[in-house]
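Below is the file final.csv, which contains CSV, C-alpha atoms.
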```csv
chain,number,residue,atom,x,y,z
A,194,MET,CA,-65.1,42.4,76.7
A,195,ASP,CA,-66.8,39.4,78.3
A,196,ASN,CA,-65.2,36.2,79.4
A,197,THR,CA,-66.2,34.3,76.2
A,198,ASN,CA,-64.5,36.8,73.9
A,199,GLN,CA,-61.4,36.8,76.1
A,200,ARG,CA,-61.1,33.0,75.8
A,201,LYS,CA,-61.5,33.2,72.0
A,202,ALA,CA,-58.8,35.8,71.7
A,203,LEU,CA,-56.5,33.8,73.9
A,204,ILE,CA,-57.1,30.6,71.9
A,205,ASN,CA,-56.5,32.4,68.6
A,206,SER,CA,-53.2,33.8,69.9
A,207,GLU,CA,-52.0,30.4,71.0
A,208,ILE,CA,-52.9,28.8,67.7
A,209,ALA,CA,-51.0,31.5,65.8
A,210,LEU,CA,-47.9,30.9,68.1
A,211,PHE,CA,-48.2,27.2,67.5
A,212,LEU,CA,-48.4,27.5,63.7
A,213,ARG,CA,-45.5,29.9,63.6
A,214,GLY,CA,-43.4,27.5,65.7
A,215,LEU,CA,-44.4,24.6,63.6
A,216,ILE,CA,-43.4,26.4,60.4
A,217,ILE,CA,-40.1,27.6,61.8
A,218,GLY,CA,-39.4,24.1,63.1
A,219,LYS,CA,-40.0,22.6,59.7
A,220,VAL,CA,-37.8,25.1,58.0
A,221,LEU,CA,-35.0,24.5,60.4
A,222,THR,CA,-35.4,20.7,60.0
A,223,LEU,CA,-35.2,21.0,56.2
A,224,MET,CA,-32.2,23.2,56.4
A,225,VAL,CA,-30.5,20.7,58.7
A,226,ILE,CA,-31.4,17.7,56.5
A,227,GLY,CA,-30.3,19.7,53.4
A,228,GLY,CA,-27.0,20.6,54.9
A,229,LEU,CA,-26.4,17.0,56.0
A,230,LEU,CA,-27.2,15.7,52.5
A,231,TRP,CA,-24.9,18.3,50.9
A,232,TRP,CA,-22.1,17.3,53.3
A,233,LEU,CA,-22.6,13.6,52.7
A,234,PHE,CA,-22.6,13.9,48.9
A,235,LYS,CA,-19.9,16.6,48.7
A,236,PRO,CA,-16.9,14.1,48.5
A,237,ASN,CA,-18.7,12.1,45.8
A,238,PHE,CA,-19.3,15.3,43.9
A,239,TRP,CA,-15.7,16.2,43.9
A,240,SER,CA,-14.7,12.7,43.2
A,241,ARG,CA,-16.9,12.6,40.2
A,242,ASN,CA,-15.5,15.8,39.0
A,243,SER,CA,-12.0,14.5,39.5
A,244,ILE,CA,-12.9,11.3,37.6
A,245,ASN,CA,-14.4,13.2,34.8
A,246,SER,CA,-11.4,15.5,34.6
A,247,SER,CA,-9.1,12.4,34.7
A,248,SER,CA,-11.2,10.7,32.0
A,249,ALA,CA,-11.0,13.8,29.8
A,250,GLN,CA,-7.3,13.9,30.2
A,251,ASN,CA,-7.1,10.2,29.3
A,252,ILE,CA,-9.3,10.7,26.2
A,253,ASN,CA,-7.1,13.6,25.1
A,254,SER,CA,-4.0,11.5,25.7
A,255,VAL,CA,-5.4,8.6,23.7
A,256,SER,CA,-6.5,11.0,21.0
A,257,ASN,CA,-3.0,12.6,20.9
A,258,ASN,CA,-1.3,9.2,20.8
A,259,ASN,CA,-3.6,8.1,18.0
A,260,ALA,CA,-2.8,11.3,16.1
A,261,SER,CA,0.9,10.7,16.5
A,262,ASN,CA,0.6,7.0,15.6
A,263,ASN,CA,-1.4,7.8,12.4
A,264,GLY,CA,1.9,8.9,10.8
A,265,SER,CA,2.4,10.9,7.6
A,266,THR,CA,-0.5,11.1,5.2
A,267,PHE,CA,-1.2,12.4,1.7
A,268,GLN,CA,-2.4,15.6,3.4
A,269,THR,CA,0.9,16.2,5.2
A,270,VAL,CA,3.0,16.4,2.1
A,271,ALA,CA,4.1,19.9,1.3
A,272,ASP,CA,5.0,21.4,-2.1
A,273,VAL,CA,2.4,19.5,-4.1
A,274,PRO,CA,1.9,21.5,-7.3
A,275,THR,CA,-1.6,22.5,-8.5
A,276,ALA,CA,-1.8,21.5,-12.1
A,277,SER,CA,-2.4,18.6,-14.5
A,278,PHE,CA,0.6,16.3,-15.2
A,279,ASN,CA,1.3,13.4,-17.6
A,280,TYR,CA,3.0,10.2,-16.4
A,281,GLY,CA,3.4,6.7,-17.7
A,282,GLY,CA,5.7,3.7,-17.7
A,283,SER,CA,5.7,0.2,-16.2
A,284,THR,CA,2.7,-2.0,-16.7
A,285,ALA,CA,3.6,-3.7,-13.4
A,286,TRP,CA,2.4,-0.5,-11.7
A,287,ALA,CA,-1.2,-0.9,-13.0
A,288,SER,CA,-2.7,-1.7,-9.6
A,289,ILE,CA,-0.9,1.3,-8.0
A,290,ARG,CA,-2.4,3.5,-10.6
A,291,GLN,CA,-5.8,2.1,-10.0
A,292,LEU,CA,-5.7,2.0,-6.2
A,293,VAL,CA,-3.1,4.4,-4.9
A,294,ASP,CA,-3.1,7.2,-7.5
A,295,SER,CA,-6.9,7.5,-7.2
A,296,GLN,CA,-6.6,7.9,-3.4
A,297,ILE,CA,-3.9,10.6,-3.9
A,298,GLN,CA,-6.1,12.6,-6.3
A,299,SER,CA,-9.1,12.2,-4.0
A,300,ASP,CA,-7.1,13.6,-1.0
A,301,ARG,CA,-5.2,16.1,-3.0
A,302,PRO,CA,-7.7,17.3,-5.7
A,303,GLU,CA,-5.3,20.1,-6.7
A,304,LEU,CA,-3.1,17.5,-8.3
A,305,GLN,CA,-4.4,15.9,-11.5
A,306,LEU,CA,-2.5,12.9,-13.0
A,307,ARG,CA,-3.0,11.6,-16.6
A,308,TYR,CA,-1.6,8.3,-17.7
A,309,VAL,CA,-0.2,8.5,-21.2
A,310,ASN,CA,0.5,5.4,-23.4
A,311,PRO,CA,3.3,5.6,-26.0
A,312,VAL,CA,2.1,6.4,-29.5
A,313,ASN,CA,4.4,3.7,-31.0
A,314,GLY,CA,5.3,0.5,-29.2
A,315,SER,CA,4.0,-1.1,-26.0
A,316,PRO,CA,3.8,0.5,-22.6
A,317,GLY,CA,6.5,-0.3,-20.1
A,318,SER,CA,9.4,1.0,-18.1
A,319,ARG,CA,11.6,1.6,-21.1
A,320,SER,CA,9.0,3.4,-23.1
A,321,GLY,CA,8.0,5.5,-20.1
A,322,ILE,CA,11.6,6.6,-19.5
A,323,ARG,CA,12.1,7.3,-23.2
A,324,MET,CA,9.0,9.5,-23.2
A,325,LEU,CA,10.3,11.3,-20.1
A,326,LEU,CA,13.6,12.0,-21.8
A,327,ASP,CA,11.7,13.3,-24.9
A,328,GLY,CA,9.6,15.7,-22.8
A,329,LYS,CA,6.4,13.8,-23.3
A,330,LEU,CA,6.0,12.9,-19.6
A,331,ASP,CA,6.5,14.8,-16.4
A,332,PHE,CA,7.7,11.7,-14.5
A,333,ALA,CA,7.8,8.0,-15.1
A,334,GLN,CA,7.1,4.8,-13.2
A,335,SER,CA,9.7,2.0,-13.6
A,336,SER,CA,10.1,-1.5,-12.2
A,337,ARG,CA,13.8,-1.7,-13.1
A,338,SER,CA,16.8,0.5,-12.6
A,339,LEU,CA,17.9,3.1,-15.0
A,340,THR,CA,20.4,2.0,-17.6
A,341,ASP,CA,23.8,3.6,-18.3
A,342,GLU,CA,22.4,4.6,-21.8
A,343,GLU,CA,19.4,6.4,-20.3
A,344,GLN,CA,21.5,8.3,-17.9
A,345,ALA,CA,23.9,9.3,-20.7
A,346,THR,CA,21.0,10.5,-22.9
A,347,ALA,CA,19.7,12.6,-20.0
A,348,LYS,CA,23.2,14.2,-19.5
A,349,GLU,CA,23.4,15.0,-23.2
A,350,ARG,CA,20.1,16.9,-22.9
A,351,GLY,CA,21.2,19.0,-20.0
A,352,PHE,CA,19.7,17.3,-17.0
A,353,THR,CA,20.0,14.1,-14.9
A,354,LEU,CA,17.5,11.4,-14.0
A,355,GLU,CA,16.9,10.3,-10.4
A,356,GLN,CA,15.3,6.9,-9.4
A,357,ARG,CA,13.5,7.1,-6.1
A,358,LEU,CA,12.7,3.7,-4.6
A,359,VAL,CA,9.1,3.5,-3.3
A,360,GLY,CA,8.3,-0.2,-3.3
A,361,MET,CA,9.4,-3.8,-4.1
A,362,ASP,CA,8.0,-6.7,-6.1
A,363,GLY,CA,9.3,-10.2,-6.9
A,364,ILE,CA,10.0,-11.6,-10.3
A,365,ALA,CA,7.9,-14.8,-10.6
A,366,VAL,CA,8.3,-17.7,-13.1
A,367,VAL,CA,5.1,-19.3,-14.2
A,368,VAL,CA,4.3,-22.4,-16.1
A,369,ASN,CA,1.4,-24.4,-17.3
A,370,PRO,CA,-0.5,-25.7,-14.2
A,371,LEU,CA,-0.1,-29.4,-15.3
A,372,LEU,CA,3.7,-29.2,-15.6
A,373,ASN,CA,5.4,-31.2,-12.8
A,374,VAL,CA,8.7,-29.5,-12.0
A,375,PRO,CA,10.1,-28.9,-8.5
A,376,GLY,CA,11.4,-25.4,-9.2
A,377,LEU,CA,14.3,-23.5,-10.9
A,378,THR,CA,17.5,-21.9,-9.9
A,379,VAL,CA,18.2,-18.4,-11.2
A,380,ASP,CA,21.0,-19.8,-13.3
A,381,GLN,CA,18.7,-22.5,-14.8
A,382,LEU,CA,16.1,-19.8,-15.7
A,383,GLN,CA,18.8,-17.7,-17.4
A,384,GLN,CA,20.1,-20.8,-19.3
A,385,ILE,CA,16.5,-21.5,-20.6
A,386,TYR,CA,16.2,-18.0,-22.0
A,387,LEU,CA,19.7,-18.2,-23.5
A,388,GLY,CA,18.6,-21.3,-25.3
A,389,LYS,CA,21.0,-23.6,-23.5
A,390,ILE,CA,18.4,-25.6,-21.6
A,391,THR,CA,15.6,-26.7,-23.9
A,392,ASN,CA,13.9,-29.7,-22.2
A,393,TRP,CA,12.2,-29.9,-18.8
A,394,ASN,CA,14.0,-33.2,-18.1
A,395,GLN,CA,17.2,-31.2,-17.8
A,396,VAL,CA,15.9,-29.5,-14.6
A,397,GLY,CA,14.1,-32.4,-13.0
A,398,GLY,CA,10.8,-32.3,-15.0
A,399,PRO,CA,9.2,-34.5,-17.6
A,400,ASN,CA,10.6,-35.2,-21.1
A,401,LEU,CA,8.9,-32.2,-22.6
A,402,PRO,CA,10.3,-29.4,-24.8
A,403,ILE,CA,10.5,-26.0,-23.2
A,404,THR,CA,8.6,-23.1,-24.9
A,405,ALA,CA,9.9,-19.9,-23.4
A,406,PHE,CA,7.7,-16.8,-23.7
A,407,SER,CA,8.9,-13.2,-23.0
A,408,GLN,CA,8.2,-9.6,-23.8
A,409,ARG,CA,10.9,-8.2,-25.9
A,410,PRO,CA,13.8,-7.3,-23.5
A,411,GLU,CA,13.7,-3.6,-24.6
A,412,ASP,CA,10.0,-3.5,-23.6
A,413,ALA,CA,9.9,-5.8,-20.6
A,414,ASP,CA,9.3,-4.4,-17.1
A,415,THR,CA,11.3,-7.1,-15.5
A,416,VAL,CA,14.8,-8.4,-16.3
A,417,ILE,CA,16.5,-11.7,-15.6
A,418,PHE,CA,19.9,-10.4,-16.6
A,419,PRO,CA,20.5,-7.6,-14.1
A,420,SER,CA,22.9,-4.8,-14.8
A,421,ASN,CA,25.4,-6.0,-12.3
A,422,SER,CA,25.5,-9.5,-13.9
A,423,GLU,CA,28.1,-10.8,-16.3
A,424,LEU,CA,25.2,-11.8,-18.5
A,425,LYS,CA,24.1,-8.1,-18.9
A,426,GLY,CA,23.2,-7.4,-22.4
A,427,GLN,CA,23.1,-11.0,-23.5
A,428,ALA,CA,20.7,-11.8,-26.3
A,429,PHE,CA,17.9,-14.3,-25.8
A,430,GLY,CA,18.1,-17.6,-27.6
A,431,SER,CA,16.2,-18.3,-30.8
A,432,ASN,CA,13.8,-20.6,-28.9
A,433,VAL,CA,12.1,-17.6,-27.2
A,434,GLN,CA,8.7,-16.6,-28.4
A,435,TYR,CA,7.8,-12.9,-27.9
A,436,VAL,CA,4.5,-11.7,-26.6
A,437,TYR,CA,3.0,-8.2,-26.4
A,438,SER,CA,1.9,-8.4,-22.7
A,439,THR,CA,1.6,-10.5,-19.6
A,440,THR,CA,-2.0,-11.1,-20.4
A,441,GLU,CA,-1.1,-12.6,-23.8
A,442,ALA,CA,1.6,-14.8,-22.1
A,443,VAL,CA,-0.7,-16.2,-19.5
A,444,ARG,CA,-3.2,-17.1,-22.3
A,445,GLN,CA,-0.5,-18.9,-24.2
A,446,LEU,CA,0.8,-20.7,-21.2
A,447,SER,CA,-2.7,-22.1,-20.4
A,448,LYS,CA,-2.6,-24.0,-23.7
A,449,THR,CA,1.1,-24.8,-23.9
A,450,PRO,CA,2.1,-27.8,-21.7
A,451,GLY,CA,5.9,-26.9,-21.8
A,452,GLY,CA,5.5,-23.1,-21.6
A,453,VAL,CA,7.3,-20.8,-19.2
A,454,TYR,CA,7.2,-17.1,-18.6
A,455,TYR,CA,8.6,-14.6,-16.1
A,456,ALA,CA,7.0,-11.3,-14.9
A,457,SER,CA,6.1,-9.2,-12.0
A,458,ALA,CA,5.0,-11.5,-9.2
A,459,ARG,CA,2.1,-9.1,-8.4
A,460,SER,CA,0.9,-9.7,-12.0
A,461,VAL,CA,1.0,-13.5,-12.1
A,462,VAL,CA,0.9,-15.1,-8.6
A,463,PHE,CA,-2.8,-14.4,-8.3
A,464,GLN,CA,-3.6,-15.9,-11.7
A,465,CYS,CA,-5.6,-19.1,-11.8
A,466,SER,CA,-4.6,-20.4,-15.3
A,467,VAL,CA,-0.8,-20.6,-14.5
A,468,LYS,CA,1.4,-22.0,-11.7
A,469,ALA,CA,4.2,-20.1,-10.1
A,470,LEU,CA,7.5,-22.0,-9.5
A,471,PRO,CA,9.8,-21.9,-6.5
A,472,LEU,CA,13.1,-20.1,-7.3
A,473,GLY,CA,16.4,-20.2,-5.6
A,474,GLN,CA,20.1,-19.5,-5.9
A,475,THR,CA,20.6,-23.2,-5.5
A,476,SER,CA,18.3,-26.2,-6.0
A,477,SER,CA,18.3,-26.9,-2.2
A,478,GLN,CA,17.2,-23.3,-1.3
A,479,LEU,CA,14.0,-22.9,-3.4
A,480,ILE,CA,11.7,-20.1,-2.2
A,481,THR,CA,8.1,-19.8,-3.3
A,482,PRO,CA,6.8,-16.4,-4.6
A,483,TYR,CA,3.5,-17.2,-3.0
A,484,LYS,CA,2.5,-17.9,0.6
A,485,LYS,CA,2.4,-21.6,1.4
A,486,PRO,CA,0.4,-23.7,1.0
A,487,MET,CA,-0.2,-23.1,-2.7
A,488,VAL,CA,-3.8,-22.9,-3.6
A,489,PRO,CA,-4.5,-25.5,-6.4
A,490,PRO,CA,-6.0,-24.2,-9.7
A,491,GLU,CA,-9.4,-25.9,-9.0
A,492,GLN,CA,-9.8,-23.8,-5.8
A,493,CYS,CA,-8.2,-20.6,-7.2
A,494,LEU,CA,-11.4,-18.8,-8.2
A,495,HIS,CA,-12.6,-18.8,-4.6
A,496,GLN,CA,-9.2,-18.4,-2.9
A,497,ARG,CA,-6.3,-16.8,-4.7
A,498,ASN,CA,-2.6,-17.3,-4.0
A,499,GLN,CA,-1.1,-14.5,-2.0
A,500,LEU,CA,2.3,-12.8,-2.6
A,501,ASN,CA,5.1,-14.0,-0.3
A,502,THR,CA,5.8,-10.5,0.9
A,503,GLU,CA,8.0,-11.6,3.8
A,504,ALA,CA,10.5,-13.4,1.5
A,505,ILE,CA,10.6,-10.3,-0.7
A,506,LYS,CA,11.0,-8.0,2.2
A,507,ASN,CA,13.8,-9.9,3.9
A,508,GLY,CA,15.7,-10.6,0.7
A,509,SER,CA,15.4,-14.4,0.8
A,510,TYR,CA,13.5,-14.5,-2.5
A,511,PRO,CA,16.2,-14.5,-5.1
A,512,MET,CA,14.7,-12.2,-7.8
A,513,ILE,CA,13.5,-8.8,-6.8
A,514,ALA,CA,12.1,-6.0,-8.9
A,515,ASN,CA,12.4,-2.5,-7.3
A,516,LEU,CA,9.7,0.1,-8.0
A,517,PHE,CA,11.1,3.5,-8.9
A,518,VAL,CA,9.7,6.9,-9.6
A,519,ILE,CA,11.9,8.3,-12.3
A,520,ILE,CA,12.4,12.1,-11.7
A,521,LYS,CA,13.8,14.6,-14.2
A,522,GLN,CA,16.3,16.7,-12.3
A,523,ASN,CA,16.0,20.0,-14.2
A,524,LYS,CA,14.9,22.4,-11.5
A,525,GLY,CA,11.6,22.8,-13.3
A,526,ARG,CA,7.9,21.7,-13.0
A,527,GLU,CA,8.9,18.1,-13.9
A,528,GLN,CA,11.3,17.9,-10.9
A,529,GLN,CA,8.7,19.4,-8.6
A,530,ILE,CA,5.9,17.0,-9.5
A,531,GLY,CA,8.3,14.0,-9.6
A,532,ASN,CA,9.5,14.8,-6.1
A,533,ALA,CA,5.9,15.4,-4.8
A,534,TYR,CA,4.6,12.1,-6.3
A,535,ALA,CA,7.5,10.1,-4.8
A,536,ASN,CA,7.0,11.9,-1.4
A,537,LEU,CA,3.3,11.0,-1.5
A,538,LEU,CA,4.0,7.3,-2.1
A,539,LEU,CA,6.6,7.4,0.7
A,540,THR,CA,4.2,8.6,3.4
A,541,ASP,CA,2.9,6.0,5.8
A,542,GLU,CA,-0.4,6.2,4.1
A,543,GLY,CA,1.2,5.8,0.7
A,544,GLN,CA,3.2,2.8,1.8
A,545,LYS,CA,0.1,1.1,3.2
A,546,ALA,CA,-1.7,1.8,0.0
A,547,ILE,CA,1.2,0.2,-2.0
A,548,GLU,CA,0.9,-2.9,0.1
A,549,GLN,CA,-2.9,-3.0,-0.4
A,550,ALA,CA,-2.1,-2.9,-4.1
A,551,GLY,CA,-0.2,-6.1,-3.7
A,552,PHE,CA,3.4,-4.9,-3.4
A,553,VAL,CA,5.9,-4.6,-0.6
A,554,GLY,CA,6.6,-1.2,1.0
A,555,VAL,CA,10.1,0.0,1.6
A,556,HIS,CA,9.5,1.5,5.1
```
Show me, as C-alpha cells, the structure contained in the file I just sent.
Amino acid sequence: MDNTNQRKALINSEIALFLRGLIIGKVLTLMVIGGLLWWLFKPNFWSRNSINSSSAQNINSVSNNNASNNGSTFQTVADVPTASFNYGGSTAWASIRQLVDSQIQSDRPELQLRYVNPVNGSPGSRSGIRMLLDGKLDFAQSSRSLTDEEQATAKERGFTLEQRLVGMDGIAVVVNPLLNVPGLTVDQLQQIYLGKITNWNQVGGPNLPITAFSQRPEDADTVIFPSNSELKGQAFGSNVQYVYSTTEAVRQLSKTPGGVYYASARSVVFQCSVKALPLGQTSSQLITPYKKPMVPPEQCLHQRNQLNTEAIKNGSYPMIANLFVIIKQNKGREQQIGNAYANLLLTDEGQKAIEQAGFVGVH
C-alpha cells in the first residue's frame, strides 16, 4: 500500500472514532439532562397526585354530605302498595292534590291515586270521612280533627280511625276590600256567626249591617267552634247565608259591602277580590294571616299576598287548621295505603312540597 492510501485509511479511521465519540457523548448528555428533568419534576408529580387524590376525597366527602343532607324522599319510603286507590275529602287540600300528589305518582308510578267526589252533597272533610267509613274510599284528607261521632261509627263497624298530622294551615277571615275594620278577635268572629253581633260598628267598623257567609257546618272544611270549646255544637244564627263553596263565597263578598267569610287561609289570602282581616285572642294582639305589608287590591294581580307561615308555625296566629290523613285501621289494604300516603307526605321531600303548595309543614 502506498503512502497516499495509508493516509486515507488513517483519516477514515479517525473520522469513525470521532463520530462514534460524538454520538456516545450526545446520548450521555441526553440521559443526564433527562435524568435531571425527571428529578426536578418528580416532587411536583407526586404533589399533583397528592392534590388530585385529596381533591377526589373532598369531592366524595361533599357528595356524601349532600346525600346525607338531601334527607328522606318519596323514593325512600318502603311498603308502598302497587295498585290503584280511591281517596277524597277536604277541598282545602286542592293544591296538595295538584302539586304534591302528582309528584308522588311521578316518582312512585306503581301507586295510582284517584280522587273521588261524593255522589250526593258537596266535597269536604266530612263527606270524605263519611265515604271512608262507608268503604267508598281507601283513605281521606281532612282539614279538621275527627269528631266523637265519626270515631264511634268506626268502632261500631269493627275498626278505628287514625288521624295523622302532615301539615298546618290558618283559618282566615275575609271581607269586602272596601270595608274599613281593624280586625276581629276570635270571640267577636264567633259572636257574628251566632247572630249576636250584627253591625260592623259593634267591632270598630262603619255603621253597616254584617252579612255572614258560610258553608254549612256539616260540610265546611274549617270550624270556628273547635271541639274543645264550650261553643262546640252551637248552631249558627239565622243571619248566616250558606254557600256551596269558597269560590261562591268570594264572588258574593266582592259585591256585598258588609260581607264576611272564613275559610282555609291558603284558599283566600291570595285572592284579589277580598281582604283578609287580622285576628287575635284580644283586640290588642291582632295577627295578620298574610305577610306584612299587605298588598292592596289594585296591585294584587301582579304581586299576591303571601301566607304568614311563621305565625302559623309558632302558634301566634289564633286560628289553626291542621291537615290530617285519615287512615282506616283495619289491618287491610286501606290501612296499608293510608300509612304509605301519610309516610310519603312526612318525608323531607313531601314536607317541602306541602310548603310549596302554600301550607306549613310539621317537621
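Candidate residues A:Leu472, A:Ile289, A:Ile530, A:Ala413 were compared for distance to Gly360 of chain A, and the nearest is A:Ile289, using all atoms listed in the file.
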Subject >> Polymer residues at most 10 Å from segment 311-328 of chain A, all atoms listed in the file, same-chain spacing of 5 or more positions, as an MDAnalysis selection string >> reply: chainID A and resid 279:286 333:340 343:344 346:347 350 352:354 408:415 437:438 517 519:521 527
Original post:
To one decimal place, how far is atom CA of Leu304 of chain A from atom CA of His556 of chain A in Å?
Top reply: 24.4 Å
Original post:
Can you tell me how far atom CA of Pro511 of chain A sits from atom CA of Gly473 of chain A, in Å to one decimal?
Top reply: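 Distance between the two atoms: 5.7 Å.
Of the residues under consideration (A:Thr266, A:Asn394, A:Thr440, A:Asn536), A:Thr440 shows the shortest atom-to-atom contact distance to Ser457 of chain A when counting all atoms listed in the file.
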**OP:** Compile the contact shell of segment 496-508 of chain A as a VMD selection string: residues with an atom at most 8 Å away, counting all atoms listed in the file, same-chain residues fewer than 2 positions apart removed.
**Re:** chain A and resid 361 to 363 458 to 459 462 to 465 480 to 484 487 to 488 492 to 494 510 to 511 513 551 to 553
**OP:** Kindly indicate which residue among A:Val309, A:Ile417, A:Leu424, A:Ile390 lies nearest to Lys329 of chain A, using only C-alpha atoms for the distances.
**Re:** A:Val309
**OP:** Name the closest residue to Gly451 of chain A among the candidates A:Pro399, A:Gly525, A:Gly264, A:Pro274; distances are taken between atoms, counting all atoms listed in the file.
**Re:**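 Nearest candidate to Gly451 of chain A out of A:Pro399, A:Gly525, A:Gly264, A:Pro274: A:Pro399.
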Original post:
Of the residues A:Ser476, A:Thr449, A:Ser265, A:Thr378, which is the one nearest to Thr540 of chain A, using all atoms listed in the file?
Top reply: A:Ser265
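Separating atom CA of Ser277 of chain A from atom CA of Arg301 of chain A is a distance of 12.1 Å.
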Completion of segment 509-524 of chain A up to N, CA, C and O atoms, as a PDB file, in the coordinates of the input:
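As written to disk, result.pdb reads:
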```
ATOM      1  N   SER A 509      15.181 -13.015   1.041  1.00  0.00           N
ATOM      2  CA  SER A 509      15.400 -14.400   0.800  1.00  0.00           C
ATOM      3  C   SER A 509      14.944 -14.888  -0.561  1.00  0.00           C
ATOM      4  O   SER A 509      15.467 -15.853  -1.125  1.00  0.00           O
ATOM      5  N   TYR A 510      13.947 -14.205  -1.103  1.00  0.00           N
ATOM      6  CA  TYR A 510      13.500 -14.500  -2.500  1.00  0.00           C
ATOM      7  C   TYR A 510      14.556 -14.011  -3.426  1.00  0.00           C
ATOM      8  O   TYR A 510      14.985 -12.852  -3.325  1.00  0.00           O
ATOM      9  N   PRO A 511      15.006 -14.826  -4.387  1.00  0.00           N
ATOM     10  CA  PRO A 511      16.200 -14.500  -5.100  1.00  0.00           C
ATOM     11  C   PRO A 511      16.095 -13.458  -6.249  1.00  0.00           C
ATOM     12  O   PRO A 511      17.110 -12.944  -6.712  1.00  0.00           O
ATOM     13  N   MET A 512      14.876 -13.168  -6.701  1.00  0.00           N
ATOM     14  CA  MET A 512      14.700 -12.200  -7.800  1.00  0.00           C
ATOM     15  C   MET A 512      13.740 -11.120  -7.417  1.00  0.00           C
ATOM     16  O   MET A 512      12.545 -11.375  -7.292  1.00  0.00           O
ATOM     17  N   ILE A 513      14.276  -9.929  -7.218  1.00  0.00           N
ATOM     18  CA  ILE A 513      13.500  -8.800  -6.800  1.00  0.00           C
ATOM     19  C   ILE A 513      13.408  -7.734  -7.861  1.00  0.00           C
ATOM     20  O   ILE A 513      14.398  -7.467  -8.550  1.00  0.00           O
ATOM     21  N   ALA A 514      12.247  -7.141  -8.012  1.00  0.00           N
ATOM     22  CA  ALA A 514      12.100  -6.000  -8.900  1.00  0.00           C
ATOM     23  C   ALA A 514      11.752  -4.783  -8.056  1.00  0.00           C
ATOM     24  O   ALA A 514      10.770  -4.787  -7.318  1.00  0.00           O
ATOM     25  N   ASN A 515      12.604  -3.772  -8.103  1.00  0.00           N
ATOM     26  CA  ASN A 515      12.400  -2.500  -7.300  1.00  0.00           C
ATOM     27  C   ASN A 515      11.461  -1.606  -8.137  1.00  0.00           C
ATOM     28  O   ASN A 515      11.557  -1.521  -9.366  1.00  0.00           O
ATOM     29  N   LEU A 516      10.603  -0.915  -7.416  1.00  0.00           N
ATOM     30  CA  LEU A 516       9.700   0.100  -8.000  1.00  0.00           C
ATOM     31  C   LEU A 516      10.255   1.457  -7.837  1.00  0.00           C
ATOM     32  O   LEU A 516      10.440   1.894  -6.698  1.00  0.00           O
ATOM     33  N   PHE A 517      10.516   2.154  -8.934  1.00  0.00           N
ATOM     34  CA  PHE A 517      11.100   3.500  -8.900  1.00  0.00           C
ATOM     35  C   PHE A 517      10.211   4.530  -9.504  1.00  0.00           C
ATOM     36  O   PHE A 517       9.573   4.271 -10.530  1.00  0.00           O
ATOM     37  N   VAL A 518      10.201   5.707  -8.878  1.00  0.00           N
ATOM     38  CA  VAL A 518       9.700   6.900  -9.600  1.00  0.00           C
ATOM     39  C   VAL A 518      10.892   7.548 -10.220  1.00  0.00           C
ATOM     40  O   VAL A 518      11.892   7.827  -9.562  1.00  0.00           O
ATOM     41  N   ILE A 519      10.812   7.743 -11.529  1.00  0.00           N
ATOM     42  CA  ILE A 519      11.900   8.300 -12.300  1.00  0.00           C
ATOM     43  C   ILE A 519      11.648   9.847 -12.391  1.00  0.00           C
ATOM     44  O   ILE A 519      10.639  10.265 -12.965  1.00  0.00           O
ATOM     45  N   ILE A 520      12.563  10.644 -11.831  1.00  0.00           N
ATOM     46  CA  ILE A 520      12.400  12.100 -11.700  1.00  0.00           C
ATOM     47  C   ILE A 520      13.393  12.826 -12.569  1.00  0.00           C
ATOM     48  O   ILE A 520      14.597  12.546 -12.500  1.00  0.00           O
ATOM     49  N   LYS A 521      12.908  13.758 -13.348  1.00  0.00           N
ATOM     50  CA  LYS A 521      13.800  14.600 -14.200  1.00  0.00           C
ATOM     51  C   LYS A 521      14.348  15.712 -13.315  1.00  0.00           C
ATOM     52  O   LYS A 521      13.595  16.583 -12.844  1.00  0.00           O
ATOM     53  N   GLN A 522      15.653  15.711 -13.083  1.00  0.00           N
ATOM     54  CA  GLN A 522      16.300  16.700 -12.300  1.00  0.00           C
ATOM     55  C   GLN A 522      16.702  17.922 -13.147  1.00  0.00           C
ATOM     56  O   GLN A 522      17.819  18.014 -13.627  1.00  0.00           O
ATOM     57  N   ASN A 523      15.730  18.809 -13.369  1.00  0.00           N
ATOM     58  CA  ASN A 523      16.000  20.000 -14.200  1.00  0.00           C
ATOM     59  C   ASN A 523      15.577  21.293 -13.599  1.00  0.00           C
ATOM     60  O   ASN A 523      15.503  22.318 -14.265  1.00  0.00           O
ATOM     61  N   LYS A 524      15.274  21.248 -12.282  1.00  0.00           N
ATOM     62  CA  LYS A 524      14.900  22.400 -11.500  1.00  0.00           C
ATOM     63  C   LYS A 524      13.628  23.102 -12.108  1.00  0.00           C
ATOM     64  O   LYS A 524      13.428  24.307 -11.948  1.00  0.00           O
TER      65      LYS A 524
END
```
